[in-house]
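One file, work.txt, carrying compact mmCIF, C-alpha atoms and all ligand atoms:
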```txt
# COMPACT_ATOMS: atom_id res chain seq x y z
CA MET J 1 0.00 0.00 0.00
CA ILE J 2 1.31 3.48 -0.83
CA GLU J 3 1.58 5.64 2.29
CA LYS J 4 -0.41 8.89 2.24
CA PRO J 5 1.96 11.89 2.22
CA LEU J 6 2.00 14.04 5.35
CA GLN J 7 0.59 17.46 4.52
CA LEU J 8 2.57 20.56 5.49
CA GLY J 9 1.18 24.07 5.98
CA LEU J 10 3.81 26.81 5.62
CA ALA J 11 3.11 30.27 7.02
CA GLY J 12 5.50 32.93 5.75
CA LEU J 13 7.43 33.18 2.50
CA GLY J 14 10.09 35.72 3.44
CA THR J 15 13.82 34.97 3.30
CA VAL J 16 13.70 31.81 5.44
CA GLY J 17 10.26 30.66 4.24
CA THR J 18 11.49 30.84 0.64
CA GLY J 19 14.59 28.82 1.54
CA VAL J 20 12.43 26.20 3.24
CA TYR J 21 9.98 25.94 0.35
CA GLU J 22 12.77 25.71 -2.25
CA THR J 23 14.66 23.05 -0.30
CA LEU J 24 11.54 20.96 0.43
CA PHE J 25 10.98 21.00 -3.33
CA ARG J 26 14.57 20.65 -4.55
CA ASN J 27 15.65 17.94 -2.08
CA HIS J 28 12.26 16.19 -1.97
CA GLU J 29 13.58 12.83 -3.07
CA LEU J 30 16.53 12.90 -0.70
CA LEU J 31 14.36 13.95 2.25
CA GLU J 32 11.73 11.30 1.61
CA ALA J 33 14.41 8.63 1.24
CA ARG J 34 16.05 9.65 4.52
CA ALA J 35 12.92 10.33 6.54
CA LYS J 36 11.11 7.36 4.97
CA ILE J 37 7.93 9.44 5.05
CA PRO J 38 6.33 11.02 1.98
CA TYR J 39 5.24 14.65 2.29
CA ALA J 40 3.63 17.48 0.33
CA VAL J 41 3.20 21.20 0.91
CA LYS J 42 -0.58 21.68 1.02
CA LYS J 43 -0.89 25.44 1.63
CA VAL J 44 1.32 28.49 2.00
CA ALA J 45 0.06 31.52 3.90
CA VAL J 46 1.53 34.87 2.80
CA ARG J 47 0.67 38.49 3.51
CA ASP J 48 0.10 39.38 -0.16
CA VAL J 49 -0.84 36.63 -2.62
CA GLU J 50 -0.38 38.96 -5.60
CA ARG J 51 3.24 39.78 -4.89
CA VAL J 52 5.83 38.73 -7.48
CA ARG J 53 8.18 36.23 -5.82
CA GLU J 54 11.64 34.90 -6.56
CA VAL J 55 10.40 31.38 -5.84
CA ASP J 56 8.42 29.40 -8.40
CA ILE J 57 5.25 28.44 -6.55
CA ASP J 58 1.82 27.24 -7.71
CA PRO J 59 -0.52 30.20 -6.98
CA ALA J 60 -3.23 27.69 -6.03
CA LEU J 61 -1.21 26.88 -2.88
CA LEU J 62 -1.27 30.49 -1.66
CA THR J 63 -3.68 32.02 0.83
CA ASN J 64 -3.49 35.32 2.67
CA ASP J 65 -5.16 33.88 5.77
CA TRP J 66 -3.00 31.71 8.06
CA ARG J 67 -6.20 30.48 9.78
CA GLU J 68 -6.85 28.32 6.72
CA LEU J 69 -3.78 26.27 7.68
CA VAL J 70 -5.11 25.58 11.16
CA ASP J 71 -8.67 24.93 9.95
CA ASP J 72 -7.65 22.57 7.15
CA SER J 73 -8.22 19.11 8.63
CA GLU J 74 -5.82 17.57 6.09
CA ILE J 75 -2.83 19.64 7.21
CA ASP J 76 -0.71 17.61 9.65
CA ILE J 77 2.14 20.00 10.53
CA ILE J 78 2.35 23.79 10.64
CA ILE J 79 5.58 25.70 9.93
CA GLU J 80 5.47 29.21 11.38
CA LEU J 81 7.90 31.60 9.68
CA ILE J 82 5.90 34.81 9.71
CA GLY J 83 7.89 36.41 12.53
CA GLY J 84 6.68 38.98 15.03
CA THR J 85 4.70 38.07 18.10
CA THR J 86 1.11 39.01 17.26
CA ASP J 87 -0.17 36.82 14.40
CA ALA J 88 2.60 34.30 15.12
CA TYR J 89 1.31 33.87 18.69
CA GLN J 90 -2.25 33.35 17.46
CA LEU J 91 -1.11 30.92 14.80
CA VAL J 92 1.13 28.81 17.04
CA SER J 93 -1.29 28.67 19.97
CA SER J 94 -4.31 27.87 17.81
CA ALA J 95 -2.36 25.19 15.89
CA LEU J 96 -1.25 23.50 19.13
CA ALA J 97 -4.77 23.76 20.52
CA ALA J 98 -6.02 22.09 17.33
CA GLY J 99 -3.54 19.23 17.80
CA LYS J 100 -1.18 20.23 14.99
CA PRO J 101 2.57 20.07 15.73
CA VAL J 102 4.36 23.35 15.01
CA VAL J 103 7.84 24.08 13.70
CA THR J 104 8.95 27.66 14.35
CA GLY J 105 12.09 29.76 14.08
CA ASN J 106 10.55 32.64 16.00
CA LYS J 107 12.87 33.56 18.85
CA ALA J 108 10.98 36.71 19.87
CA LEU J 109 7.81 34.65 20.20
CA LEU J 110 9.46 31.97 22.34
CA ALA J 111 11.32 34.50 24.48
CA GLU J 112 8.07 36.27 25.26
CA TYR J 113 5.48 33.49 25.23
CA GLY J 114 7.61 30.32 25.42
CA SER J 115 6.48 29.44 28.92
CA GLU J 116 2.83 29.57 27.92
CA LEU J 117 3.31 27.84 24.56
CA PHE J 118 5.33 24.97 26.03
CA ARG J 119 2.68 24.52 28.73
CA LEU J 120 0.02 24.31 26.02
CA SER J 121 2.21 21.92 24.02
CA ALA J 122 2.58 19.65 27.10
CA GLU J 123 -1.12 19.82 28.01
CA LYS J 124 -2.19 18.93 24.51
CA GLY J 125 0.62 16.43 23.94
CA VAL J 126 1.45 18.28 20.73
CA PRO J 127 5.13 19.03 20.07
CA LEU J 128 6.64 22.42 19.32
CA TYR J 129 9.99 22.40 17.48
CA PHE J 130 12.31 25.42 17.44
CA GLU J 131 15.81 24.53 16.21
CA ALA J 132 15.86 27.55 13.87
CA SER J 133 15.20 29.98 16.70
CA CYS J 134 18.84 29.95 17.75
CA GLY J 135 22.15 29.97 15.90
CA GLY J 136 20.82 29.72 12.31
CA GLY J 137 22.10 26.44 10.86
CA ILE J 138 23.84 25.29 14.07
CA PRO J 139 22.04 22.32 15.66
CA ILE J 140 22.29 23.72 19.19
CA ILE J 141 18.72 23.04 20.32
CA GLN J 142 18.81 19.34 19.46
CA SER J 143 22.24 19.12 21.05
CA LEU J 144 21.03 20.58 24.34
CA GLN J 145 17.82 18.56 24.30
CA ASN J 146 19.34 15.23 23.38
CA SER J 147 23.08 14.83 22.88
CA LEU J 148 24.07 16.69 26.06
CA ILE J 149 21.14 15.45 28.15
CA CYS J 150 23.29 13.92 30.92
CA ASN J 151 25.04 17.20 31.72
CA ASN J 152 24.53 19.84 34.34
CA VAL J 153 25.24 22.85 32.15
CA GLU J 154 27.80 25.07 33.86
CA SER J 155 27.85 27.84 31.29
CA ILE J 156 26.89 28.85 27.77
CA ALA J 157 28.79 31.67 26.13
CA GLY J 158 28.82 32.75 22.57
CA ILE J 159 28.03 34.86 19.58
CA ILE J 160 24.44 34.31 18.53
CA ASN J 161 23.54 37.25 16.35
CA GLY J 162 24.89 37.05 12.80
CA THR J 163 24.10 40.63 11.82
CA SER J 164 25.93 42.30 14.70
CA ASN J 165 28.90 39.96 14.28
CA TYR J 166 28.97 40.79 10.56
CA ILE J 167 28.95 44.51 11.41
CA LEU J 168 31.67 44.27 14.08
CA SER J 169 33.89 42.10 11.85
CA SER J 170 33.43 44.45 8.88
CA MET J 171 34.34 47.47 11.04
CA GLU J 172 37.35 45.69 12.49
CA LYS J 173 38.76 43.89 9.46
CA LYS J 174 37.67 46.09 6.55
CA GLY J 175 37.44 49.49 8.19
CA MET J 176 33.81 49.68 7.04
CA SER J 177 31.47 52.15 8.68
CA PHE J 178 28.73 50.86 10.95
CA GLU J 179 26.04 52.08 8.53
CA GLU J 180 27.57 50.47 5.43
CA ALA J 181 28.04 47.14 7.22
CA LEU J 182 24.41 47.20 8.39
CA GLU J 183 23.18 47.90 4.85
CA ARG J 184 25.18 44.93 3.56
CA ALA J 185 23.83 42.65 6.31
CA LYS J 186 20.31 43.70 5.34
CA ALA J 187 20.97 43.05 1.64
CA LYS J 188 22.30 39.57 2.46
CA GLY J 189 19.09 38.69 4.33
CA PHE J 190 20.78 38.39 7.74
CA ALA J 191 19.02 41.24 9.55
CA GLU J 192 15.61 41.12 11.20
CA ALA J 193 12.65 42.89 9.59
CA ASP J 194 13.30 45.41 12.37
CA PRO J 195 17.14 45.52 12.39
CA SER J 196 17.19 47.52 15.62
CA LEU J 197 16.74 44.14 17.38
CA ASP J 198 20.07 43.00 15.90
CA ILE J 199 21.84 46.22 16.85
CA ASN J 200 20.44 46.75 20.35
CA GLY J 201 21.19 43.19 21.46
CA TRP J 202 17.59 42.03 21.83
CA ASP J 203 17.68 39.40 19.09
CA ALA J 204 20.65 37.82 20.89
CA ALA J 205 18.80 38.23 24.19
CA HIS J 206 15.74 36.37 22.87
CA LYS J 207 18.00 33.50 21.83
CA ALA J 208 19.82 33.59 25.19
CA LEU J 209 16.48 33.26 26.98
CA ILE J 210 15.65 30.20 24.87
CA LEU J 211 19.06 28.60 25.55
CA ALA J 212 18.81 29.32 29.29
CA MET J 213 15.28 27.96 29.42
CA LEU J 214 16.43 24.77 27.71
CA ALA J 215 19.64 24.28 29.64
CA TYR J 216 18.17 25.04 33.06
CA GLY J 217 14.48 24.28 32.62
CA THR J 218 13.51 27.62 34.09
CA PRO J 219 11.10 30.28 32.87
CA ILE J 220 12.77 33.71 32.65
CA ALA J 221 11.00 37.01 32.10
CA PRO J 222 12.74 39.01 29.33
CA SER J 223 13.03 41.92 31.79
CA ARG J 224 15.51 39.86 33.88
CA ILE J 225 18.26 39.82 31.29
CA SER J 226 20.82 42.63 31.05
CA VAL J 227 21.09 43.71 27.42
CA TYR J 228 23.49 46.13 25.71
CA GLY J 229 23.88 46.37 21.95
CA ILE J 230 26.72 47.31 19.61
CA GLU J 231 25.58 50.90 18.95
CA ARG J 232 28.41 52.47 20.92
CA VAL J 233 31.31 50.31 19.70
CA THR J 234 33.78 52.61 17.92
CA PRO J 235 36.97 52.15 15.86
CA THR J 236 38.80 53.76 18.81
CA ASP J 237 37.72 50.90 21.10
CA PHE J 238 38.83 48.34 18.52
CA ARG J 239 42.24 50.06 18.43
CA PHE J 240 42.66 49.89 22.20
CA ALA J 241 41.30 46.33 22.28
CA HIS J 242 44.00 45.27 19.80
CA GLN J 243 46.71 47.01 21.79
CA LEU J 244 45.62 45.08 24.87
CA GLY J 245 45.38 41.71 23.06
CA TYR J 246 41.60 41.55 22.58
CA THR J 247 38.86 41.95 20.01
CA ILE J 248 35.25 43.05 20.60
CA LYS J 249 32.29 40.66 20.18
CA LEU J 250 28.63 40.87 21.10
CA LEU J 251 28.63 38.08 23.67
CA VAL J 252 25.89 36.20 25.40
CA VAL J 253 26.89 34.84 28.80
CA ILE J 254 24.74 32.37 30.75
CA LYS J 255 26.42 31.01 33.85
CA HIS J 256 25.09 28.89 36.69
CA HIS J 257 26.48 29.86 40.10
CA GLU J 258 26.38 26.70 42.13
CA ASP J 259 26.87 28.41 45.51
CA THR J 260 23.70 30.49 45.16
CA ASP J 261 21.89 28.33 42.57
CA ALA J 262 21.44 31.58 40.59
CA LEU J 263 21.84 32.26 36.90
CA GLU J 264 24.00 35.03 35.50
CA LEU J 265 22.42 36.13 32.25
CA ARG J 266 23.69 38.97 30.08
CA VAL J 267 24.26 40.21 26.54
CA GLN J 268 26.83 42.89 25.82
CA PRO J 269 29.74 43.82 23.57
CA SER J 270 32.77 42.45 25.38
CA PHE J 271 36.52 42.25 25.06
CA VAL J 272 37.49 38.69 24.06
CA PRO J 273 41.14 37.53 24.16
CA ARG J 274 42.36 37.29 20.57
CA SER J 275 43.72 33.81 21.28
CA HIS J 276 40.22 32.51 22.18
CA LEU J 277 38.19 30.60 19.55
CA LEU J 278 35.30 33.06 19.87
CA ALA J 279 37.60 35.93 18.84
CA ASN J 280 38.02 34.22 15.49
CA VAL J 281 34.33 33.88 14.69
CA ASN J 282 33.75 36.46 11.98
CA GLY J 283 31.11 37.69 9.57
CA VAL J 284 27.69 36.05 9.82
CA PHE J 285 29.13 33.08 11.72
CA ASN J 286 27.91 32.23 15.23
CA ALA J 287 29.62 30.10 17.84
CA ILE J 288 28.21 28.78 21.07
CA ALA J 289 30.46 27.35 23.77
CA VAL J 290 28.64 24.98 26.13
CA LYS J 291 30.37 23.68 29.25
CA GLY J 292 28.82 20.65 30.92
CA ASP J 293 29.90 18.80 34.04
CA ILE J 294 30.27 15.53 32.12
CA VAL J 295 31.18 16.55 28.58
CA GLY J 296 33.47 19.46 29.55
CA GLU J 297 33.94 22.18 26.92
CA THR J 298 32.16 22.04 23.58
CA ILE J 299 31.86 24.63 20.86
CA PHE J 300 29.26 24.78 18.09
CA TYR J 301 30.08 26.83 15.01
CA GLY J 302 28.27 27.71 11.80
CA ARG J 303 26.35 30.32 9.86
CA GLY J 304 24.03 32.07 12.29
CA ALA J 305 21.65 33.73 9.84
CA GLY J 306 20.60 33.72 6.20
CA LYS J 307 18.19 31.88 3.98
CA ASN J 308 19.73 28.44 3.53
CA PRO J 309 21.43 27.85 6.90
CA THR J 310 18.19 28.72 8.69
CA ALA J 311 16.15 26.65 6.22
CA SER J 312 18.42 23.70 7.03
CA ALA J 313 17.48 23.98 10.72
CA VAL J 314 13.77 24.37 9.96
CA ILE J 315 13.75 21.31 7.71
CA GLY J 316 15.57 19.24 10.32
CA ASP J 317 12.64 20.03 12.60
CA ILE J 318 10.07 19.29 9.90
CA VAL J 319 11.52 15.80 9.49
CA LEU J 320 11.49 15.30 13.27
CA ALA J 321 7.89 16.45 13.36
CA MET J 322 7.00 14.04 10.55
CA ARG J 323 8.67 11.12 12.35
CA ASP J 324 6.96 11.99 15.63
CA ARG J 325 3.65 12.27 13.81
CA ARG J 326 4.07 8.87 12.15
CA HIS J 327 5.60 7.20 15.21
CA PRO J 328 4.27 9.15 18.21
CA ASP J 329 5.64 6.62 20.71
CA PHE J 330 9.14 7.72 19.77
CA HIS J 331 8.57 11.33 20.76
CA THR J 332 10.96 12.20 23.59
CA GLY J 333 8.33 14.23 25.40
CA PHE J 334 10.89 16.85 26.32
CA HIS J 335 9.37 19.50 28.54
CA PRO J 336 11.26 22.67 29.35
CA TYR J 337 10.22 24.83 32.32
CA THR J 338 10.43 22.20 34.99
CA LYS J 339 11.98 24.34 37.71
CA THR J 340 12.57 27.95 38.70
CA LEU J 341 16.01 29.47 39.26
CA GLU J 342 16.88 32.87 40.68
CA ILE J 343 18.47 35.34 38.29
CA MET J 344 21.58 37.00 39.70
CA PRO J 345 21.28 40.81 40.06
CA GLN J 346 23.51 42.43 37.40
CA GLU J 347 25.17 44.55 40.10
CA ASP J 348 26.61 41.34 41.61
CA THR J 349 28.15 39.99 38.39
CA VAL J 350 31.95 40.14 38.39
CA THR J 351 34.38 40.51 35.46
CA PRO J 352 37.46 42.56 34.65
CA TYR J 353 36.62 45.76 32.74
CA TYR J 354 37.95 48.16 30.13
CA VAL J 355 36.90 51.79 30.63
CA ARG J 356 37.75 54.61 28.23
CA PHE J 357 37.31 58.19 29.39
CA LEU J 358 37.45 61.22 27.15
CA VAL J 359 39.52 63.82 28.99
CA PRO J 360 40.29 67.45 28.11
CA SER J 361 44.03 67.52 27.39
CA ARG J 362 46.22 69.53 29.74
CA ARG J 363 43.70 69.00 32.58
CA SER J 364 45.80 68.04 35.60
CA GLY J 365 44.96 65.55 38.34
CA VAL J 366 42.52 63.48 36.28
CA ILE J 367 44.29 60.16 36.71
CA ALA J 368 44.55 60.77 40.45
CA THR J 369 40.82 61.59 40.71
CA ILE J 370 39.87 58.45 38.79
CA ALA J 371 42.27 56.22 40.69
CA THR J 372 41.01 57.55 44.03
CA ALA J 373 37.36 56.95 43.14
CA LEU J 374 38.17 53.43 41.96
CA ALA J 375 40.14 52.71 45.12
CA ARG J 376 37.23 53.95 47.27
CA HIS J 377 35.21 51.12 45.74
CA ASN J 378 38.01 48.58 46.12
CA ILE J 379 38.65 48.39 42.38
CA SER J 380 42.24 47.84 41.37
CA ILE J 381 43.82 48.99 38.12
CA SER J 382 45.69 46.51 35.97
CA SER J 383 46.94 49.00 33.35
CA THR J 384 46.35 52.47 31.91
CA SER J 385 47.10 54.01 28.55
CA SER J 386 46.37 57.27 26.85
CA THR J 387 46.37 58.70 23.33
CA ALA J 388 45.13 61.83 21.63
CA HIS J 389 41.52 61.26 20.57
CA GLU J 390 41.61 60.46 16.86
CA GLU J 391 39.21 63.22 15.78
CA ASP J 392 41.43 65.78 17.46
CA GLU J 393 44.78 64.66 16.13
CA ALA J 394 44.83 67.06 13.21
CA ALA J 395 43.13 69.92 15.01
CA GLU J 396 43.73 71.45 18.37
CA ASN J 397 44.30 68.14 20.13
CA THR J 398 41.88 69.14 22.82
CA HIS J 399 40.96 65.69 24.14
CA ASN J 400 42.74 62.53 25.16
CA ASP J 401 41.42 58.99 25.44
CA LEU J 402 42.35 57.70 28.85
CA VAL J 403 41.96 53.94 29.11
CA PHE J 404 41.89 51.84 32.28
CA SER J 405 41.99 48.05 32.40
CA LEU J 406 40.54 46.99 35.71
CA HIS J 407 40.90 43.77 37.66
CA ALA J 408 37.71 41.79 38.27
CA CYS J 409 35.12 43.77 40.20
CA SER J 410 31.36 43.79 40.56
CA TRP J 411 29.30 45.87 38.16
CA GLY J 412 27.66 47.48 41.20
CA SER J 413 30.98 48.89 42.51
CA LEU J 414 32.15 49.99 39.09
CA LYS J 415 28.84 51.73 38.40
CA ALA J 416 29.10 53.62 41.69
CA ALA J 417 32.73 54.61 41.01
CA LEU J 418 31.90 55.78 37.46
CA LYS J 419 29.07 57.91 38.80
CA GLU J 420 31.47 59.68 41.16
CA ILE J 421 34.09 60.13 38.43
CA VAL J 422 31.62 61.63 35.96
CA GLN J 423 30.17 63.89 38.68
CA SER J 424 33.67 65.21 39.47
CA ASP J 425 33.53 66.80 36.00
CA CYS J 426 37.10 65.83 35.09
CA VAL J 427 35.95 63.57 32.21
CA ALA J 428 33.27 63.75 29.53
CA PRO J 429 29.98 62.02 30.43
CA HIS J 430 29.29 58.45 29.22
CA PRO J 431 32.67 56.72 29.32
CA ALA J 432 32.95 53.60 27.10
CA VAL J 433 32.69 50.54 29.34
CA PHE J 434 33.25 46.97 28.18
CA ARG J 435 33.50 43.80 30.17
CA ILE J 436 36.60 41.67 29.58
CA GLU J 437 35.66 37.99 29.32
CA THR J 438 38.38 35.68 30.57
CA PHE J 439 36.45 32.37 30.18
CA ASN J 440 38.35 31.07 33.19
CA SER J 441 35.46 29.87 35.31
N1 LIG Y 1 18.80 38.60 12.50
C1 LIG Y 1 19.24 37.34 13.00
C2 LIG Y 1 20.76 37.36 13.08
C3 LIG Y 1 18.74 36.24 12.11
O1 LIG Y 1 21.37 38.22 12.44
O2 LIG Y 1 21.33 36.54 13.77
C4 LIG Y 1 18.99 34.85 12.62
O3 LIG Y 1 18.33 34.60 13.82
```

Encoded form (structure tokens):
Amino acid sequence: MIEKPLQLGLAGLGTVGTGVYETLFRNHELLEARAKIPYAVKKVAVRDVERVREVDIDPALLTNDWRELVDDSEIDIIIELIGGTTDAYQLVSSALAAGKPVVTGNKALLAEYGSELFRLSAEKGVPLYFEASCGGGIPIIQSLQNSLICNNVESIAGIINGTSNYILSSMEKKGMSFEEALERAKAKGFAEADPSLDINGWDAAHKALILAMLAYGTPIAPSRISVYGIERVTPTDFRFAHQLGYTIKLLVVIKHHEDTDALELRVQPSFVPRSHLLANVNGVFNAIAVKGDIVGETIFYGRGAGKNPTASAVIGDIVLAMRDRRHPDFHTGFHPYTKTLEIMPQEDTVTPYYVRFLVPSRRSGVIATIATALARHNISISSTSSTAHEEDEAAENTHNDLVFSLHACSWGSLKAALKEIVQSDCVAPHPAVFRIETFNS
């Protein structure tokens, strides 16, 4: 007897949706041979059915109403690639409620509504797959869920936004301006529909919340994560970073503190030693270092954004969903959100720091004022350096960059010391502050 093909409903035909549709079509034979399950795309929901598309698709498949996918009793699996959190939330929750497994790459949706959607998925016994929500083509979700299952995860650190890494690498290696690099990332299909999420760190934060939720089984409100973006990274900071033996990367750090059973959770541009693997992750590439008590150190590397890498992750999930649908007994029944951990206050997190002050040249006593304020908060200085600020070199040379490398201290003490220093009026407001990641613990 010939097996009836499983019917797929695809919502969204943007960059990733197009990659998924093309690959399902192009590699149909290979996928069916490997999955041993026949499939067909039954409907594709798009915003505008009239739009001219780069993909060759039968117009009869198109609808502008995603509800048709949920209501169609013949559709077995829904693939949500419409993005955003409004329609996507309605689509995913109504599909799960209707008993249809969902594959999604929507990190913003899971960061905001993951707790609720996974509860619904567990209640209904209907799986929700989300490999493409994190790290583009890197199979990090499956790895955490399955391959690393025996580990207590000690830490996860990495680069998980392709667009910001592309921008930082282009500024550092090619001397490109921030704006030009962003335009190129948009043209290559790496950036979000709203690229401010890539720049301000929130896309990485959404992914960090998903990884933390998976690794620690805890729900985390997005407001609990400390997030800084790459907006204020300048060529001057790259120059000093190089002098000191570092580069600058937008890093996600998730660390479990065993003594307090609390999670440290933050996203910020950080100094990374140039000898570390993460310092050599450039362009759209992502890398995620996972440290487990049994496995030790691992590092996952690959393209973190773009049409085909992300489509690869989505299709991996589609095949899983098809297998689980055909053989439900084999579903692992993985349920995140099984316990609640405290989130460490940002003030208590401890790292070494780089701080760059802009100081009027010929002003005396500035170093002494800064050093005294730092000492008052028990912060010790590991090195200082100073140069004329680059914009002033040709002109009057009215400002100097004064850089301090600081030994490990809490963010709370440094914040208090910086407040005093800025109030003393000897430096310009808003010094550049970067954490230095040592990856030692
Ligand atoms: N805008 C995202 C990035 C897409 O650049 O990483 C992949 O999640």

Residues within 9 Å of ligand LIG 1 (chain Y), counting only C-alpha atoms and all ligand atoms, as a PyMOL selection string: chain J and resi 105-107+132-136+160-166+185-186+189-195+197-198+203-204+207+284-286+303-306+310

Mind checking which residues fall within 10 Å of Ser312 in chain J, counting all atoms listed in the file, ignoring those fewer than 2 positions away in the same chain, and posting them as a list in words?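 So the residues in contact are Val16, Gly19, Val20, Thr23, Leu24, Glu131, Ala132, Gly136, Gly137, Ile138, Pro139, Lys307, Asn308, Pro309, Thr310, Val314, Ile315, Gly316, Asp317 and Ile318 of chain J.
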
Set the distance at 8 Å and use all atoms listed in the file: which residues neighbour range 406-414 of chain J once local chain neighbours fewer than 6 positions away are removed? I'd like the list as a PyMOL selection string. chain J and resi 346-355+374+377-383

Next, write the just-selected residues to a file, as an mmCIF file, keeping the file's coordinate frame, keeping C-alpha atoms as the atom set.
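And here's selection11.cif as it stands now:
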```cif
data_model
loop_
_atom_site.group_PDB
_atom_site.id
_atom_site.type_symbol
_atom_site.label_atom_id
_atom_site.label_comp_id
_atom_site.auth_asym_id
_atom_site.auth_seq_id
_atom_site.Cartn_x
_atom_site.Cartn_y
_atom_site.Cartn_z
ATOM 1 C CA GLN J 346 23.510 42.430 37.400
ATOM 2 C CA GLU J 347 25.170 44.550 40.100
ATOM 3 C CA ASP J 348 26.610 41.340 41.610
ATOM 4 C CA THR J 349 28.150 39.990 38.390
ATOM 5 C CA VAL J 350 31.950 40.140 38.390
ATOM 6 C CA THR J 351 34.380 40.510 35.460
ATOM 7 C CA PRO J 352 37.460 42.560 34.650
ATOM 8 C CA TYR J 353 36.620 45.760 32.740
ATOM 9 C CA TYR J 354 37.950 48.160 30.130
ATOM 10 C CA VAL J 355 36.900 51.790 30.630
ATOM 11 C CA LEU J 374 38.170 53.430 41.960
ATOM 12 C CA HIS J 377 35.210 51.120 45.740
ATOM 13 C CA ASN J 378 38.010 48.580 46.120
ATOM 14 C CA ILE J 379 38.650 48.390 42.380
ATOM 15 C CA SER J 380 42.240 47.840 41.370
ATOM 16 C CA ILE J 381 43.820 48.990 38.120
ATOM 17 C CA SER J 382 45.690 46.510 35.970
ATOM 18 C CA SER J 383 46.940 49.000 33.350
#
```

To one decimal place, how far is CA of Val319 in chain J from CA of Ala205 in chain J in Å? 27.8 Å

Determine the nearest neighbour of Cys426 in chain J from the options J:Ala98, J:Ala373, J:Ile140, J:Ile77, counting all atoms listed in the file.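 The answer is J:Ala373, which sits nearest to Cys426 in chain J.
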
Within 12 Å of Arg53 in chain J using all atoms listed in the file, minus same-chain residues under 5 positions, as a ChimeraX atom specification: /J:13-15,17-18,46,48,58-59,62

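Counting from CA of Leu144 in chain J, the distance to CA of Ile210 in chain J is 11.0 Å.
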